[in-house]
Amino acid sequence: MSERRAPGAGRLVAGAAPAGEGAIGDQQRHWVETFAANAEMYGPESSEPGRHAAGLFVAEGLSPVLELGAGQGRDTLELLRRGLEVHALDFAPDALAGIAALAGPGLAGRLRTTVHDVRLALPFAERSFDACYSHMLFTMALTTEELETLAGEVHRVLRPGGLCIYTVRHTGDAHYGAGRSLGDDRYENGGFAVHFFDRPLVERLAAGFELEDVTAFEEGGLPRRLWRVTMRRR
């Protein structure tokens with residue numbers, strides 16, 4: 001059962017839901033429908049950040065791995081193929097079911113999946129994982145406050161010395177400032193809402209971590225301009 005912090009309290013309340021859906025609720029419906037209509041939206045190949053993260057995790061012996069926003073699993077499968085145990089979270093149940101089907105009997109023994117809204121507390125005990133990976137989840141329609149809460153939850157479930165690697169589109173991206181403004185450096189363009197990061201936000205989310213690396217890269221046809229952020233739990 002998922003949990004979240006009650007307003008004004010330091011404890012977690014079982015089964016509570018966020019107050020109002022807002023932009024992220026709209027995006028949940030949009031992504032569920034998009035994944036259902038496009039079974040191979042991003043293709044079968046893993047992403048460059050996924051391959052990079054898998055290499056680091058293997059080199060340091062960091063397993064199990066928590067993957068946030070697994071989508072259709074192109075990077076989940078890369079992590080599994082590299083011999084890592086993976087617990088994949090997403091708010092689209094059909095997408096997670098598709099990952100399990102693609103994993104097949106050869107990889108499924110090291111895969112766990114959970115349907116989860118990352119505005120809620122992560123449904124795991126403290127220090128449950130050696131690593132956390134997320135490609136583009138942090139750059140969705142989440143507010144800065146929700147991102148801070150999520151980063152705190154990642155810190156809670158990682159073991160000391162564990163790595164968190166995530167990617168985000170940044171304010172140098174061509175779509176920054178384009179489309180419908182949702183406030184808080186968030187813009188909706190073509191039905192997809194994006195929170196564009198600046199460097200102070202990256203540093204803000206690194207509270208309790210050592211910020212080891214911020215690498216710029218490009219992806220897709222626009223191209224999208226992103227940062228790959230690597231931070232280590234203290």
# chains A, B, ... in the order shown; residues from 1 in each chain; ligands from 1
>>> residues_around(residues="A:Gly61", least_positions_apart="6", cutoff="12 Å", atoms="only C-alpha atoms", output="PDB file with N, CA and C atoms, in the first residue's frame")
ATOM      1  N   ALA A  53      24.200   4.069 -17.140  1.00  0.00           N
ATOM      2  CA  ALA A  53      23.855   3.725 -15.759  1.00  0.00           C
ATOM      3  C   ALA A  53      24.108   2.253 -15.484  1.00  0.00           C
ATOM      4  N   ALA A  54      23.696   1.393 -16.411  1.00  0.00           N
ATOM      5  CA  ALA A  54      23.903  -0.043 -16.219  1.00  0.00           C
ATOM      6  C   ALA A  54      25.382  -0.359 -16.047  1.00  0.00           C
ATOM      7  N   GLY A  55      26.230   0.284 -16.845  1.00  0.00           N
ATOM      8  CA  GLY A  55      27.662   0.052 -16.733  1.00  0.00           C
ATOM      9  C   GLY A  55      28.215   0.452 -15.377  1.00  0.00           C
ATOM     10  N   ARG A  82      22.150  -6.951 -17.975  1.00  0.00           N
ATOM     11  CA  ARG A  82      23.476  -6.796 -17.366  1.00  0.00           C
ATOM     12  C   ARG A  82      23.584  -7.540 -16.038  1.00  0.00           C
ATOM     13  N   GLY A  83      22.547  -8.293 -15.687  1.00  0.00           N
ATOM     14  CA  GLY A  83      22.604  -9.134 -14.500  1.00  0.00           C
ATOM     15  C   GLY A  83      22.099  -8.483 -13.223  1.00  0.00           C
ATOM     16  N   LEU A  84      21.482  -7.293 -13.334  1.00  0.00           N
ATOM     17  CA  LEU A  84      21.019  -6.570 -12.156  1.00  0.00           C
ATOM     18  C   LEU A  84      19.588  -6.956 -11.791  1.00  0.00           C
ATOM     19  N   GLU A  85      19.281  -6.895 -10.506  1.00  0.00           N
ATOM     20  CA  GLU A  85      17.901  -7.032 -10.045  1.00  0.00           C
ATOM     21  C   GLU A  85      17.242  -5.659 -10.146  1.00  0.00           C
ATOM     22  N   PHE A 129      17.537  -0.280  -1.540  1.00  0.00           N
ATOM     23  CA  PHE A 129      18.157  -0.381  -2.861  1.00  0.00           C
ATOM     24  C   PHE A 129      19.587   0.145  -2.852  1.00  0.00           C
ATOM     25  N   ASP A 130      20.380  -0.391  -3.775  1.00  0.00           N
ATOM     26  CA  ASP A 130      21.749   0.078  -3.954  1.00  0.00           C
ATOM     27  C   ASP A 130      21.839   1.196  -4.986  1.00  0.00           C
ATOM     28  N   ALA A 131      20.842   1.290  -5.857  1.00  0.00           N
ATOM     29  CA  ALA A 131      20.887   2.287  -6.924  1.00  0.00           C
ATOM     30  C   ALA A 131      19.476   2.658  -7.343  1.00  0.00           C
ATOM     31  N   GLY A 161      26.053   5.379   0.137  1.00  0.00           N
ATOM     32  CA  GLY A 161      26.974   5.069  -0.943  1.00  0.00           C
ATOM     33  C   GLY A 161      26.302   4.688  -2.240  1.00  0.00           C
ATOM     34  N   GLY A 162      24.974   4.534  -2.206  1.00  0.00           N
ATOM     35  CA  GLY A 162      24.244   4.165  -3.412  1.00  0.00           C
ATOM     36  C   GLY A 162      24.168   5.311  -4.408  1.00  0.00           C
ATOM     37  N   LEU A 163      24.004   4.972  -5.688  1.00  0.00           N
ATOM     38  CA  LEU A 163      23.950   5.968  -6.753  1.00  0.00           C
ATOM     39  C   LEU A 163      22.525   6.210  -7.214  1.00  0.00           C
TER      40      LEU A 163
END
>>> closest_residue(among="A:Ala141, A:Val194, A:Leu211, A:Ala101", to="A:Val229", atoms="only C-alpha atoms")
A:Leu211
>>> residues_around(residues="A:Val86", least_positions_apart="4", cutoff="8 Å", atoms="only C-alpha atoms", output="PDB file with N, CA and C atoms, in the first residue's frame")
ATOM      1  N   SER A  63      23.204  -3.515  -6.793  1.00  0.00           N
ATOM      2  CA  SER A  63      21.970  -4.223  -7.094  1.00  0.00           C
ATOM      3  C   SER A  63      21.356  -4.641  -5.765  1.00  0.00           C
ATOM      4  N   PRO A  64      20.048  -4.461  -5.616  1.00  0.00           N
ATOM      5  CA  PRO A  64      19.017  -4.170  -6.609  1.00  0.00           C
ATOM      6  C   PRO A  64      18.941  -2.688  -6.989  1.00  0.00           C
ATOM      7  N   VAL A  65      18.286  -2.458  -8.148  1.00  0.00           N
ATOM      8  CA  VAL A  65      18.097  -1.128  -8.704  1.00  0.00           C
ATOM      9  C   VAL A  65      16.617  -0.778  -8.699  1.00  0.00           C
ATOM     10  N   LEU A  66      16.302   0.418  -8.260  1.00  0.00           N
ATOM     11  CA  LEU A  66      14.951   0.953  -8.358  1.00  0.00           C
ATOM     12  C   LEU A  66      14.885   1.816  -9.614  1.00  0.00           C
ATOM     13  N   GLU A  67      13.953   1.504 -10.525  1.00  0.00           N
ATOM     14  CA  GLU A  67      13.766   2.330 -11.716  1.00  0.00           C
ATOM     15  C   GLU A  67      12.440   3.072 -11.604  1.00  0.00           C
ATOM     16  N   THR A  76      14.854  -0.838 -18.680  1.00  0.00           N
ATOM     17  CA  THR A  76      14.664  -1.926 -17.713  1.00  0.00           C
ATOM     18  C   THR A  76      15.322  -3.199 -18.226  1.00  0.00           C
ATOM     19  N   LEU A  79      19.115  -3.085 -17.999  1.00  0.00           N
ATOM     20  CA  LEU A  79      19.574  -3.344 -16.633  1.00  0.00           C
ATOM     21  C   LEU A  79      19.502  -4.835 -16.308  1.00  0.00           C
ATOM     22  N   LEU A  80      18.415  -5.468 -16.715  1.00  0.00           N
ATOM     23  CA  LEU A  80      18.252  -6.900 -16.455  1.00  0.00           C
ATOM     24  C   LEU A  80      19.282  -7.720 -17.223  1.00  0.00           C
ATOM     25  N   ARG A 110      14.525 -11.719 -12.059  1.00  0.00           N
ATOM     26  CA  ARG A 110      15.176 -10.581 -11.402  1.00  0.00           C
ATOM     27  C   ARG A 110      14.376  -9.294 -11.553  1.00  0.00           C
ATOM     28  N   LEU A 111      13.122  -9.396 -12.001  1.00  0.00           N
ATOM     29  CA  LEU A 111      12.275  -8.223 -12.229  1.00  0.00           C
ATOM     30  C   LEU A 111      11.087  -8.198 -11.282  1.00  0.00           C
ATOM     31  N   ARG A 112      10.861  -7.055 -10.670  1.00  0.00           N
ATOM     32  CA  ARG A 112       9.636  -6.790  -9.927  1.00  0.00           C
ATOM     33  C   ARG A 112       9.040  -5.504 -10.480  1.00  0.00           C
TER      34      ARG A 112
END
>>> closest_residue(among="A:Asp198, A:Asp213, A:Asp90, A:Asp185", to="A:His116", atoms="only C-alpha atoms")
A:Asp90
>>> atom_distance(atom1="atom CA of A:Arg186", atom2="atom CA of A:Leu122")
23.5 Å
